[in-house]
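For reference, run-v7.txt (compact mmCIF, C-alpha atoms and all ligand atoms):
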# COMPACT_ATOMS: atom_id res chain seq x y z
CA MET A 1 -30.98 -9.82 20.04
CA THR A 2 -27.85 -9.17 17.97
CA GLU A 3 -25.63 -6.28 19.00
CA THR A 4 -25.16 -3.28 16.73
CA PRO A 5 -21.60 -2.97 15.36
CA ALA A 6 -21.01 -0.05 17.78
CA ALA A 7 -22.25 -2.05 20.78
CA GLU A 8 -20.17 -5.02 19.72
CA PHE A 9 -17.02 -2.87 19.40
CA GLU A 10 -17.71 -1.16 22.75
CA HIS A 11 -18.13 -4.54 24.37
CA ARG A 12 -14.78 -5.71 23.03
CA CYS A 13 -13.07 -2.45 24.06
CA ARG A 14 -14.45 -2.54 27.63
CA GLU A 15 -13.50 -6.18 28.04
CA ALA A 16 -9.93 -5.43 26.90
CA GLY A 17 -9.58 -2.41 29.20
CA VAL A 18 -9.30 0.09 26.36
CA HIS A 19 -8.97 3.71 27.51
CA THR A 20 -8.31 5.43 24.17
CA VAL A 21 -9.72 4.96 20.68
CA GLU A 22 -7.69 6.21 17.72
CA VAL A 23 -9.90 7.55 14.93
CA ALA A 24 -7.71 7.07 11.87
CA ALA A 25 -7.67 7.87 8.18
CA PRO A 26 -4.85 7.35 5.69
CA ASP A 27 -3.41 10.48 4.08
CA THR A 28 -2.17 10.65 0.49
CA GLN A 29 1.13 9.01 1.46
CA GLY A 30 -0.70 6.20 3.28
CA HIS A 31 0.30 7.60 6.68
CA LEU A 32 -2.40 7.18 9.33
CA ARG A 33 -3.61 10.46 10.83
CA GLY A 34 -6.47 11.27 13.13
CA LYS A 35 -7.27 11.85 16.77
CA ARG A 36 -6.99 9.97 20.03
CA VAL A 37 -10.33 9.99 21.87
CA PRO A 38 -11.00 8.85 25.48
CA ILE A 39 -13.20 5.76 25.37
CA ASP A 40 -16.25 7.24 27.15
CA ARG A 41 -16.36 10.22 24.83
CA PHE A 42 -15.81 7.99 21.80
CA PHE A 43 -18.88 5.87 22.49
CA ALA A 44 -21.01 8.79 23.81
CA THR A 45 -20.52 11.15 20.87
CA THR A 46 -17.56 10.62 18.54
CA VAL A 47 -18.92 7.36 17.20
CA ASP A 48 -21.75 9.42 15.58
CA THR A 49 -20.23 12.86 15.16
CA GLY A 50 -16.72 11.92 14.06
CA VAL A 51 -13.73 14.20 14.63
CA ASN A 52 -12.63 17.29 12.74
CA ILE A 53 -9.26 17.48 11.05
CA ALA A 54 -7.68 19.92 8.60
CA ASP A 55 -8.01 18.74 5.01
CA ALA A 56 -4.36 19.75 4.65
CA MET A 57 -3.72 16.11 5.57
CA PHE A 58 -4.59 15.19 1.97
CA VAL A 59 -1.97 17.48 0.46
CA PHE A 60 0.87 16.97 2.92
CA ASP A 61 4.07 15.57 1.55
CA MET A 62 5.91 13.07 3.74
CA GLN A 63 7.40 15.79 5.87
CA ASN A 64 4.15 17.77 6.19
CA ASP A 65 5.14 20.43 3.69
CA LEU A 66 2.23 21.66 1.62
CA PRO A 67 2.94 21.46 -2.11
CA ASP A 68 0.92 24.00 -4.06
CA ASN A 69 -2.25 22.76 -5.76
CA PRO A 70 -5.44 24.39 -7.03
CA TYR A 71 -7.88 23.01 -4.43
CA ILE A 72 -6.48 22.78 -0.91
CA ASN A 73 -4.29 25.80 -0.20
CA MET A 74 -3.93 29.10 1.66
CA ASP A 75 -6.74 30.60 -0.44
CA SER A 76 -9.16 27.81 0.43
CA GLY A 77 -8.08 28.26 4.06
CA PHE A 78 -7.35 24.55 4.73
CA LEU A 79 -10.91 23.66 5.70
CA ASP A 80 -11.85 21.17 8.34
CA CYS A 81 -13.22 17.89 7.15
CA LYS A 82 -14.79 15.26 9.31
CA LEU A 83 -13.45 11.77 9.93
CA VAL A 84 -16.50 9.58 10.46
CA PRO A 85 -15.61 6.26 12.09
CA ASP A 86 -16.70 2.96 10.58
CA VAL A 87 -16.95 0.90 13.76
CA SER A 88 -17.02 -2.35 11.82
CA THR A 89 -13.29 -1.73 11.20
CA GLY A 90 -12.44 -1.49 14.92
CA ARG A 91 -9.35 -3.31 16.15
CA ILE A 92 -7.77 -3.57 19.57
CA PHE A 93 -4.00 -3.33 19.84
CA SER A 94 -2.10 -5.90 21.84
CA HIS A 95 1.30 -4.20 21.38
CA ARG A 96 -0.05 -1.01 22.99
CA PRO A 97 -2.44 -2.26 25.67
CA GLY A 98 -5.34 0.13 26.33
CA TYR A 99 -5.53 1.42 22.73
CA ALA A 100 -7.98 0.58 19.96
CA ILE A 101 -8.20 1.94 16.43
CA VAL A 102 -11.11 2.54 14.12
CA PHE A 103 -10.82 3.55 10.45
CA ALA A 104 -12.76 6.58 9.34
CA ASP A 105 -14.07 8.05 6.10
CA ALA A 106 -13.37 11.71 5.40
CA VAL A 107 -16.42 13.79 4.52
CA GLU A 108 -16.78 17.44 3.58
CA PRO A 109 -18.99 19.82 5.62
CA HIS A 110 -22.14 18.88 3.67
CA GLY A 111 -21.49 15.17 4.09
CA GLU A 112 -20.04 14.49 0.63
CA PRO A 113 -17.04 12.13 0.53
CA HIS A 114 -13.80 14.14 0.37
CA PRO A 115 -12.48 13.72 -3.22
CA ASN A 116 -8.87 13.45 -2.02
CA ALA A 117 -9.42 10.85 0.70
CA PRO A 118 -7.71 7.59 -0.33
CA ARG A 119 -10.41 5.44 1.34
CA GLY A 120 -13.02 7.22 -0.77
CA VAL A 121 -10.98 6.76 -3.95
CA LEU A 122 -10.80 3.02 -3.25
CA ALA A 123 -14.48 2.72 -2.24
CA ALA A 124 -15.54 4.15 -5.62
CA GLN A 125 -13.51 1.54 -7.53
CA VAL A 126 -14.81 -1.32 -5.36
CA GLU A 127 -18.34 -0.17 -6.23
CA ARG A 128 -17.49 -0.02 -9.93
CA CYS A 129 -16.24 -3.58 -9.81
CA ARG A 130 -19.25 -4.78 -7.81
CA ALA A 131 -21.57 -3.17 -10.35
CA GLN A 132 -20.31 -5.88 -12.72
CA GLY A 133 -21.27 -8.59 -10.21
CA LEU A 134 -17.60 -9.08 -9.30
CA ASP A 135 -16.32 -8.66 -5.77
CA PRO A 136 -12.56 -8.03 -5.51
CA VAL A 137 -10.46 -10.14 -3.14
CA VAL A 138 -7.06 -8.65 -2.35
CA ALA A 139 -3.86 -9.47 -0.48
CA THR A 140 -0.76 -7.31 -0.29
CA GLU A 141 2.72 -8.63 0.36
CA LEU A 142 5.18 -6.17 1.89
CA GLU A 143 8.93 -6.15 2.31
CA PHE A 144 10.90 -3.91 4.66
CA TYR A 145 14.40 -3.45 6.07
CA LEU A 146 15.09 -3.73 9.77
CA CYS A 147 17.66 -1.06 10.63
CA THR A 148 19.67 0.37 13.47
CA PRO A 149 18.45 3.71 14.93
CA ASP A 150 20.71 5.50 12.43
CA TRP A 151 19.18 3.61 9.51
CA GLN A 152 21.93 1.13 8.74
CA PRO A 153 20.81 -2.45 7.95
CA VAL A 154 20.95 -4.65 11.07
CA GLN A 155 22.90 -7.25 9.09
CA GLU A 156 25.62 -7.22 6.48
CA HIS A 157 24.86 -10.52 4.82
CA ILE A 158 21.91 -12.12 3.02
CA GLN A 159 20.44 -15.43 4.12
CA TYR A 160 17.16 -15.76 2.24
CA SER A 161 14.48 -17.51 4.32
CA SER A 162 17.09 -18.91 6.73
CA LEU A 163 15.74 -20.48 9.90
CA THR A 164 19.23 -20.70 11.40
CA ASP A 165 20.61 -17.21 10.82
CA ALA A 166 19.72 -14.02 12.71
CA LEU A 167 18.07 -15.55 15.76
CA GLU A 168 18.86 -12.26 17.51
CA LEU A 169 16.16 -10.61 15.37
CA GLU A 170 13.55 -13.22 16.09
CA ASP A 171 12.36 -11.71 19.41
CA CYS A 172 11.40 -8.60 17.51
CA LEU A 173 9.85 -10.48 14.58
CA ARG A 174 7.86 -12.70 16.95
CA ASP A 175 6.48 -9.58 18.63
CA MET A 176 5.59 -8.13 15.23
CA ARG A 177 3.67 -11.26 14.26
CA ALA A 178 1.92 -11.28 17.65
CA ALA A 179 1.04 -7.57 17.39
CA LEU A 180 -0.39 -8.06 13.90
CA LEU A 181 -2.43 -11.06 15.04
CA GLY A 182 -3.57 -8.98 18.01
CA ALA A 183 -4.85 -6.30 15.64
CA GLY A 184 -6.86 -8.85 13.69
CA LEU A 185 -4.53 -9.49 10.73
CA GLU A 186 -4.26 -13.12 9.65
CA VAL A 187 -0.50 -13.58 9.77
CA GLU A 188 0.56 -16.45 7.52
CA SER A 189 4.33 -16.32 7.98
CA SER A 190 7.41 -14.15 8.08
CA ASN A 191 10.77 -14.80 6.45
CA ALA A 192 14.14 -13.24 5.80
CA GLU A 193 14.08 -11.69 2.31
CA TYR A 194 16.84 -11.33 -0.26
CA GLY A 195 18.54 -8.34 1.36
CA PRO A 196 20.62 -7.82 4.54
CA GLY A 197 18.07 -7.33 7.33
CA GLN A 198 15.22 -7.38 4.81
CA ILE A 199 12.06 -9.10 6.03
CA GLU A 200 8.72 -10.04 4.53
CA ILE A 201 5.56 -10.71 6.54
CA ASN A 202 2.60 -12.27 4.74
CA VAL A 203 -1.00 -11.84 5.83
CA GLY A 204 -4.20 -13.39 4.46
CA HIS A 205 -6.46 -11.98 1.78
CA ALA A 206 -9.61 -9.97 2.45
CA ASP A 207 -12.07 -7.68 0.72
CA ALA A 208 -10.28 -4.75 -0.95
CA MET A 209 -10.91 -2.12 1.76
CA THR A 210 -9.97 -4.46 4.61
CA ALA A 211 -6.81 -5.45 2.73
CA ALA A 212 -5.84 -1.78 2.38
CA ASP A 213 -6.65 -1.07 6.05
CA ASN A 214 -4.56 -4.11 7.00
CA THR A 215 -1.64 -2.88 4.90
CA VAL A 216 -1.37 0.53 6.57
CA LEU A 217 -1.86 -1.12 9.96
CA LEU A 218 0.91 -3.61 9.19
CA LYS A 219 3.30 -0.80 8.33
CA SER A 220 2.39 1.22 11.40
CA ILE A 221 2.64 -1.77 13.76
CA VAL A 222 5.90 -3.08 12.29
CA LYS A 223 7.49 0.36 12.75
CA GLN A 224 6.21 0.68 16.32
CA VAL A 225 7.35 -2.80 17.37
CA ALA A 226 10.78 -2.20 15.79
CA VAL A 227 11.13 0.92 17.98
CA GLN A 228 10.02 -1.08 21.03
CA HIS A 229 13.05 -3.31 20.30
CA GLY A 230 15.49 -0.44 19.83
CA MET A 231 15.50 -0.79 16.04
CA ARG A 232 13.81 0.91 13.11
CA ALA A 233 11.85 -0.49 10.16
CA THR A 234 11.63 1.17 6.78
CA PHE A 235 9.35 0.54 3.82
CA MET A 236 11.47 2.91 1.71
CA PRO A 237 11.43 1.30 -1.74
CA LYS A 238 15.19 1.46 -2.42
CA PRO A 239 17.09 2.32 0.75
CA PHE A 240 20.44 0.94 -0.47
CA PHE A 241 21.14 1.06 -4.20
CA GLU A 242 23.24 -2.11 -4.32
CA GLN A 243 20.66 -4.19 -2.44
CA SER A 244 17.16 -5.46 -3.21
CA GLY A 245 14.38 -2.93 -3.13
CA SER A 246 11.28 -3.41 -1.01
CA GLY A 247 8.09 -4.07 -2.91
CA MET A 248 4.38 -4.20 -2.26
CA HIS A 249 3.01 -6.98 -4.42
CA VAL A 250 -0.76 -6.86 -4.81
CA HIS A 251 -2.72 -10.08 -5.40
CA THR A 252 -6.20 -9.79 -6.84
CA SER A 253 -8.99 -12.18 -7.72
CA LEU A 254 -12.72 -11.67 -8.15
CA ARG A 255 -15.62 -13.43 -6.51
CA ALA A 256 -18.78 -14.05 -8.49
CA ASP A 257 -21.72 -16.03 -7.08
CA GLY A 258 -19.66 -16.96 -4.02
CA ALA A 259 -16.72 -18.50 -5.92
CA ASN A 260 -13.43 -17.33 -7.42
CA ALA A 261 -14.25 -16.15 -10.97
CA PHE A 262 -10.70 -17.18 -12.05
CA ALA A 263 -11.04 -20.75 -10.70
CA ASP A 264 -11.81 -22.50 -13.97
CA SER A 265 -8.60 -21.34 -15.61
CA ASP A 266 -6.69 -24.41 -16.77
CA GLY A 267 -3.04 -23.51 -17.16
CA ALA A 268 -4.19 -20.50 -19.20
CA PRO A 269 -6.36 -17.74 -17.74
CA ASN A 270 -10.10 -18.06 -18.33
CA GLU A 271 -11.93 -15.27 -20.13
CA VAL A 272 -12.60 -12.93 -17.21
CA MET A 273 -9.06 -13.41 -15.89
CA SER A 274 -7.60 -12.69 -19.36
CA HIS A 275 -9.47 -9.39 -19.54
CA TRP A 276 -8.43 -8.54 -15.97
CA ILE A 277 -4.74 -9.18 -16.75
CA ALA A 278 -5.03 -7.23 -20.00
CA GLY A 279 -6.51 -4.22 -18.17
CA LEU A 280 -3.60 -4.25 -15.72
CA LEU A 281 -1.08 -4.34 -18.57
CA ASP A 282 -2.91 -1.70 -20.58
CA HIS A 283 -2.83 0.75 -17.67
CA ALA A 284 0.61 -0.27 -16.35
CA PRO A 285 2.36 2.97 -17.40
CA ALA A 286 -0.22 5.12 -15.59
CA LEU A 287 -0.21 2.78 -12.59
CA GLY A 288 3.51 3.60 -12.36
CA LEU A 289 2.91 6.87 -10.54
CA LEU A 290 0.76 5.14 -7.90
CA GLY A 291 3.47 2.51 -7.42
CA TYR A 292 6.50 4.82 -7.47
CA PRO A 293 5.37 8.20 -6.11
CA THR A 294 8.91 9.47 -5.40
CA ALA A 295 12.25 9.70 -7.17
CA ASN A 296 13.50 6.93 -4.88
CA GLY A 297 10.69 4.54 -5.91
CA VAL A 298 11.70 4.44 -9.57
CA LYS A 299 15.23 3.36 -8.57
CA ARG A 300 13.74 0.00 -7.64
CA VAL A 301 12.94 -0.66 -11.31
CA GLN A 302 16.21 -2.51 -12.04
CA PRO A 303 16.87 -5.72 -13.96
CA TYR A 304 17.75 -8.89 -12.05
CA THR A 305 16.38 -7.59 -8.74
CA PHE A 306 13.01 -9.41 -8.90
CA ALA A 307 11.26 -6.08 -9.36
CA PRO A 308 9.61 -5.98 -12.81
CA THR A 309 11.02 -3.82 -15.61
CA HIS A 310 8.67 -4.59 -18.54
CA VAL A 311 4.95 -4.81 -19.21
CA VAL A 312 4.64 -8.58 -19.45
CA TRP A 313 2.56 -11.29 -17.80
CA GLY A 314 3.45 -14.86 -17.00
CA GLY A 315 2.81 -17.88 -14.84
CA ASP A 316 5.00 -18.64 -11.83
CA ASN A 317 7.78 -16.31 -12.99
CA ARG A 318 9.41 -13.69 -10.75
CA THR A 319 10.71 -11.67 -13.69
CA VAL A 320 7.28 -10.54 -14.96
CA LEU A 321 5.00 -7.67 -13.99
CA ALA A 322 1.79 -9.71 -13.62
CA ARG A 323 2.54 -13.14 -12.21
CA CYS A 324 -0.51 -15.37 -12.50
CA VAL A 325 -1.60 -18.43 -10.56
CA ILE A 326 -3.65 -20.37 -13.12
CA GLU A 327 -3.86 -23.90 -11.78
CA PRO A 328 -6.68 -26.00 -13.17
CA GLY A 329 -9.81 -25.53 -11.04
CA SER A 330 -7.97 -23.79 -8.20
CA PRO A 331 -9.88 -21.46 -5.87
CA ALA A 332 -6.50 -19.74 -5.23
CA ASN A 333 -6.08 -18.51 -8.82
CA ARG A 334 -5.07 -14.85 -8.85
CA VAL A 335 -2.93 -12.16 -10.42
CA GLU A 336 0.07 -10.82 -8.51
CA TYR A 337 0.91 -7.29 -9.67
CA ARG A 338 4.57 -6.75 -8.74
CA ALA A 339 5.34 -3.17 -9.68
CA ALA A 340 4.57 -1.12 -6.55
CA GLY A 341 7.21 -0.19 -4.01
CA ALA A 342 6.53 -0.83 -0.32
CA ASP A 343 5.99 2.92 0.16
CA ALA A 344 3.03 3.01 -2.24
CA ASN A 345 -0.28 4.03 -0.72
CA ALA A 346 -2.15 0.70 -0.58
CA TYR A 347 -5.59 2.32 -1.02
CA LEU A 348 -4.52 4.16 -4.14
CA MET A 349 -2.54 1.28 -5.62
CA ILE A 350 -5.41 -1.15 -5.07
CA ALA A 351 -7.91 1.42 -6.43
CA GLY A 352 -5.72 1.80 -9.54
CA ILE A 353 -5.49 -1.97 -10.03
CA LEU A 354 -9.25 -2.41 -9.65
CA ALA A 355 -9.90 0.46 -12.08
CA ALA A 356 -7.46 -1.02 -14.60
CA GLY A 357 -8.80 -4.57 -14.32
CA THR A 358 -12.44 -3.46 -14.47
CA ASP A 359 -11.64 -1.44 -17.56
CA GLY A 360 -10.04 -4.53 -19.12
CA ILE A 361 -13.27 -6.46 -18.51
CA GLU A 362 -15.47 -3.62 -19.78
CA ARG A 363 -13.42 -3.28 -22.97
CA GLN A 364 -12.80 -7.06 -23.25
CA LEU A 365 -9.07 -6.52 -23.68
CA ASP A 366 -6.69 -9.33 -24.67
CA PRO A 367 -3.40 -9.69 -22.74
CA GLY A 368 -1.52 -11.31 -25.62
CA PRO A 369 0.63 -14.43 -25.18
CA MET A 370 2.12 -15.45 -21.86
CA SER A 371 5.80 -14.59 -21.48
CA VAL A 372 8.06 -17.48 -20.59
CA GLY A 373 11.63 -17.30 -19.28
CA ASP A 374 13.87 -14.44 -18.18
CA MET A 375 12.05 -11.20 -18.97
CA TYR A 376 15.07 -9.09 -17.92
CA THR A 377 17.35 -10.57 -20.58
CA ASN A 378 14.73 -11.31 -23.23
CA PRO A 379 11.80 -8.89 -22.93
CA GLY A 380 11.31 -8.97 -26.73
CA ASP A 381 9.34 -5.95 -27.86
CA ALA A 382 7.47 -5.54 -24.54
CA ALA A 383 7.17 -1.93 -23.37
CA PRO A 384 9.50 -0.97 -20.52
CA LEU A 385 7.88 0.30 -17.32
CA PRO A 386 8.46 4.02 -16.71
CA ASN A 387 11.60 4.36 -14.59
CA THR A 388 11.88 8.09 -14.01
CA LEU A 389 9.45 10.18 -12.02
CA PRO A 390 8.80 12.59 -14.92
CA ASP A 391 7.93 9.59 -17.14
CA CYS A 392 5.54 8.30 -14.45
CA ILE A 393 3.91 11.72 -14.19
CA ALA A 394 3.58 12.01 -17.98
CA ALA A 395 2.00 8.54 -18.20
CA TYR A 396 -0.49 9.30 -15.42
CA GLU A 397 -1.46 12.82 -16.32
CA SER A 398 -4.33 12.91 -18.79
CA SER A 399 -4.61 9.10 -18.66
CA ALA A 400 -7.97 7.33 -18.59
CA LEU A 401 -6.90 5.92 -15.22
CA ALA A 402 -6.40 9.40 -13.74
CA GLU A 403 -9.90 10.32 -14.89
CA GLN A 404 -11.37 7.15 -13.41
CA LEU A 405 -9.78 7.80 -10.01
CA GLY A 406 -11.25 11.30 -9.93
CA ALA A 407 -10.25 14.58 -11.58
CA GLN A 408 -9.57 16.55 -8.38
CA PHE A 409 -7.80 13.66 -6.72
CA SER A 410 -5.55 13.13 -9.74
CA GLU A 411 -4.72 16.78 -10.21
CA VAL A 412 -3.60 17.14 -6.59
CA TYR A 413 -1.70 13.85 -6.80
CA VAL A 414 0.25 15.07 -9.82
CA CYS A 415 1.09 18.33 -8.00
CA ALA A 416 2.54 16.27 -5.16
CA ALA A 417 4.59 14.17 -7.59
CA ARG A 418 5.99 17.28 -9.31
CA HIS A 419 7.04 18.59 -5.89
CA GLU A 420 8.82 15.28 -5.13
CA ASP A 421 10.48 15.39 -8.53
CA ALA A 422 11.76 18.93 -8.01
CA LEU A 423 13.22 17.97 -4.61
CA GLY A 424 14.71 14.74 -5.97
CA SER A 425 16.31 16.47 -8.95
CA GLU A 426 17.91 19.01 -6.64
CA HIS A 427 19.13 16.76 -3.84
CA ALA A 428 19.45 13.29 -5.37
CA PRO A 429 20.13 13.74 -9.09
CA ASP A 430 22.09 10.48 -9.54
CA ALA A 431 19.73 7.78 -10.84
CA GLU A 432 22.33 5.08 -10.08
CA ALA A 433 22.81 5.81 -6.37
CA VAL A 434 20.82 6.39 -3.17
CA ASN A 435 22.23 9.15 -1.03
CA ASP A 436 21.88 10.28 2.61
CA TRP A 437 19.41 13.02 1.67
CA GLU A 438 17.05 10.36 0.34
CA ARG A 439 17.44 8.16 3.41
CA GLU A 440 16.83 11.18 5.64
CA ARG A 441 13.73 12.15 3.71
CA TYR A 442 12.19 8.71 3.22
CA ALA A 443 13.53 6.08 5.63
CA GLU A 444 11.51 7.21 8.63
CA GLN A 445 8.41 8.27 6.70
CA CYS A 446 7.90 5.48 4.18
MG MG B 1 9.20 -10.94 -1.40
Can you dump the structure from the file as structure tokens?
Amino acid sequence: MTETPAAEFEHRCREAGVHTVEVAAPDTQGHLRGKRVPIDRFFATTVDTGVNIADAMFVFDMQNDLPDNPYINMDSGFLDCKLVPDVSTGRIFSHRPGYAIVFADAVEPHGEPHPNAPRGVLAAQVERCRAQGLDPVVATELEFYLCTPDWQPVQEHIQYSSLTDALELEDCLRDMRAALLGAGLEVESSNAEYGPGQIEINVGHADAMTAADNTVLLKSIVKQVAVQHGMRATFMPKPFFEQSGSGMHVHTSLRADGANAFADSDGAPNEVMSHWIAGLLDHAPALGLLGYPTANGVKRVQPYTFAPTHVVWGGDNRTVLARCVIEPGSPANRVEYRAAGADANAYLMIAGILAAGTDGIERQLDPGPMSVGDMYTNPGDAAPLPNTLPDCIAAYESSALAEQLGAQFSEVYVCAARHEDALGSEHAPDAEAVNDWERERYAEQC
């Protein structure tokens, strides 16, 4: 007899000596919130009943202030919603022995999905894609800075991908890789990135929801292991103006009939891949707000930094927005969307990319010719990506993408962005610098 998913998870927890299960849901910033539940209670009741939590979690800014919005506010009374665990997502932590985590979906009192819950926003777009017979496969690629406890980089020099330099950091990085593997992420590799103390850790691809769950887990675990080593890690998109920003590149492909639907590209994208790329480009301005939700995020949009500045697609070219692997007959063919900062909420960014790509397929859009060469110096007449928060807000508001992600969700999201913009304009008005106020606001939280 096969075990139910709950029995299977309980079995694994008991065997590992778990005493506490964390019931977790990502908030609008991609921060994991929820409750810690003793293991006996979790499997006796919580596994079915879920836990209650204030729906304020979906309107919090990074510092738990509550920007005004028309739906979740003092008048509505900040209702409880329920986090209902999906035990098939259960993981056991090796870096915090005795703890397990399970992702949960937020539902309203009558059992409807909460319109502002990022997992729900993503689930709807996965369904939309699957309705076309296409199953999205996703990997995210995150960069971060390792810092001292007062948020200075742990190094002053850059040694990209060096295996000789910075051995003193390797104990910590080894423990990060081990902790991620322990939590069920398929770690592929880690390397020093092109910034002092900047690191990238790559993990394998998965279905879209698992990839998003893995992304928030990666950020949470990396931060916790850094603290265990007396350091700090930040996914702030532009912590130091003169240095590389930290991005979250999102790779997507689609499975149809058990195979990669982009596989028969032959140096040029096949039809479905062309439409997918075209959808991403068409919605790129609106996707900007999901990728750069703060005034710090847009500062990453700088030429010659390997972050994209224009709406262009290409092959293996680090100066474009959509970098495509289009090898003849390759099952690894995919589109790498390079705009988002490492602070972007992975659920929302992936949901936006799926919505944009699906729309490209539905409307059979054409991406235009492939861009070749340096797209910073020679972008031709390609549209620039929005690089101020007000421009991102304007491009998102009233866009087809905002509608597709949900009217209430989008309205609240725009309220949050306006609040960030007002704070940024007051405290960090210089677009060509990153100041201490920004590091204080974002370094710990991103
Ligand atoms: Mg990188």
- [ ] Name the residues in contact with A:Asn69 at a cut-off of 7 Å, using all atoms listed in the file, excluding same-chain residues fewer than 3 positions from it; report them as a list in words.
- [x]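 What passes the distance filter is Ile72, Asn73, Val412 and Cys415 of chain A.
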Task: Distance of atom CA of A:Glu188 from atom CA of A:Arg255, expressed in Å to one decimal place - done: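 Atom CA of A:Glu188 lies 21.6 Å from atom CA of A:Arg255.
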TODO: Give the answer as one residue: which of A:Glu200, A:Pro285, A:Asn296, A:Ala307 has the shortest atom-to-atom distance to A:Tyr396, using all atoms listed in the file?
DONE: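 Selected residue with least distance to A:Tyr396: A:Pro285.
Those DNA, RNA and protein residues that approach the point (-17.7, 7.8, 26.2) to within 12 Å, considering all atoms listed in the file, are A:Ala6, A:Glu10, A:Cys13, A:Arg14, A:Val18, A:His19, A:Thr20, A:Val21, A:Val37, A:Pro38, A:Ile39, A:Asp40, A:Arg41, A:Phe42, A:Phe43, A:Ala44, A:Thr45, A:Thr46, A:Val47, A:Asp48.
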Task: Exercise answer, 9 Å around ligand MG 1 (chain B) with all atoms listed in the file, as a count of residues only - done: 14
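For the residues A:Gln155, A:Thr28, A:Ser274, A:Ser220, ranking by smallest atom-to-atom distance to A:Ile361 using all atoms listed in the file places A:Ser274 first.
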Task: Å distance separating atom CA of A:Ala106 from atom CA of A:Ser399, one decimal place - done: 25.7 Å
Task: Best match for closeness to A:Met209 among A:Ala394, A:Val225, A:Met349, A:Met273, counting only C-alpha atoms - done: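 Closest candidate: A:Met349.
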Near A:His283, within 8 Å and counting all atoms listed in the file, which residues show up once chain neighbours fewer than 4 positions away are dropped, as a JSON list (two decimals) with C-alpha atoms, in the frame of the given file?
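Everything below was put into around-v3.json:
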[["chain", "number", "residue", "atom", "x", "y", "z"],
["A", 279, "GLY", "CA", -6.51, -4.22, -18.17],
["A", 287, "LEU", "CA", -0.21, 2.78, -12.59],
["A", 356, "ALA", "CA", -7.46, -1.02, -14.60],
["A", 401, "LEU", "CA", -6.90, 5.92, -15.22]]
TODO: For each of A:Leu289, A:Met375, A:Val272, A:Leu354, take the minimum atom-to-atom distance to A:Gly314, counting all atoms listed in the file, then give the residue where this is smallest.
DONE: A:Met375
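Minimum atom-to-atom distance to A:Ala212, evaluated using only C-alpha atoms, belongs to A:Tyr347 out of A:Tyr347, A:Phe241, A:Tyr413, A:Tyr292.
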TODO: Using all atoms listed in the file, pick whichever of A:Glu3, A:Glu8, A:Asp61, A:Asp374 has the shortest atom-to-atom distance to A:Asp27.
DONE: A:Asp61
TODO: Excluding A:Gly230 and residues on its chain fewer than 2 positions from it, collect all residues at most 8 Å away from it, counting only C-alpha atoms, and give them as a VMD selection string.
DONE: chain A and resid 148 to 149 226 to 228 232
- [ ] Provide the atom CA of A:Asp55 to atom CA of A:Ala344 distance in Å, to one decimal place.
- [x]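 Taking atom CA of A:Asp55 and atom CA of A:Ala344, their separation equals 20.5 Å.
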Keeping N, CA, C and O atoms, write stretch 296-303 of chain A of the structure just shown out as a PDB file, in the first residue's frame.
ATOM      1  N   ASN A 296      15.624  51.162  -5.205  1.00  0.00           N
ATOM      2  CA  ASN A 296      16.987  50.630  -5.311  1.00  0.00           C
ATOM      3  C   ASN A 296      17.092  49.688  -6.511  1.00  0.00           C
ATOM      4  O   ASN A 296      18.110  49.672  -7.209  1.00  0.00           O
ATOM      5  N   GLY A 297      16.039  48.923  -6.779  1.00  0.00           N
ATOM      6  CA  GLY A 297      16.067  47.925  -7.856  1.00  0.00           C
ATOM      7  C   GLY A 297      16.363  48.537  -9.211  1.00  0.00           C
ATOM      8  O   GLY A 297      17.131  47.975 -10.000  1.00  0.00           O
ATOM      9  N   VAL A 298      15.765  49.694  -9.494  1.00  0.00           N
ATOM     10  CA  VAL A 298      15.973  50.301 -10.817  1.00  0.00           C
ATOM     11  C   VAL A 298      17.414  50.793 -10.995  1.00  0.00           C
ATOM     12  O   VAL A 298      17.873  50.975 -12.120  1.00  0.00           O
ATOM     13  N   LYS A 299      18.139  50.986  -9.899  1.00  0.00           N
ATOM     14  CA  LYS A 299      19.535  51.441 -10.029  1.00  0.00           C
ATOM     15  C   LYS A 299      20.440  50.357 -10.620  1.00  0.00           C
ATOM     16  O   LYS A 299      21.568  50.628 -11.014  1.00  0.00           O
ATOM     17  N   ARG A 300      19.924  49.127 -10.646  1.00  0.00           N
ATOM     18  CA  ARG A 300      20.693  48.035 -11.247  1.00  0.00           C
ATOM     19  C   ARG A 300      20.671  48.109 -12.781  1.00  0.00           C
ATOM     20  O   ARG A 300      21.496  47.478 -13.454  1.00  0.00           O
ATOM     21  N   VAL A 301      19.731  48.858 -13.324  1.00  0.00           N
ATOM     22  CA  VAL A 301      19.573  48.933 -14.788  1.00  0.00           C
ATOM     23  C   VAL A 301      20.609  49.911 -15.340  1.00  0.00           C
ATOM     24  O   VAL A 301      20.325  51.087 -15.573  1.00  0.00           O
ATOM     25  N   GLN A 302      21.840  49.448 -15.465  1.00  0.00           N
ATOM     26  CA  GLN A 302      22.970  50.296 -15.883  1.00  0.00           C
ATOM     27  C   GLN A 302      23.736  49.602 -16.994  1.00  0.00           C
ATOM     28  O   GLN A 302      23.962  48.404 -16.927  1.00  0.00           O
ATOM     29  N   PRO A 303      24.167  50.372 -18.011  1.00  0.00           N
ATOM     30  CA  PRO A 303      24.940  49.759 -19.093  1.00  0.00           C
ATOM     31  C   PRO A 303      26.261  49.163 -18.596  1.00  0.00           C
ATOM     32  O   PRO A 303      26.807  49.613 -17.590  1.00  0.00           O
TER      33      PRO A 303
END
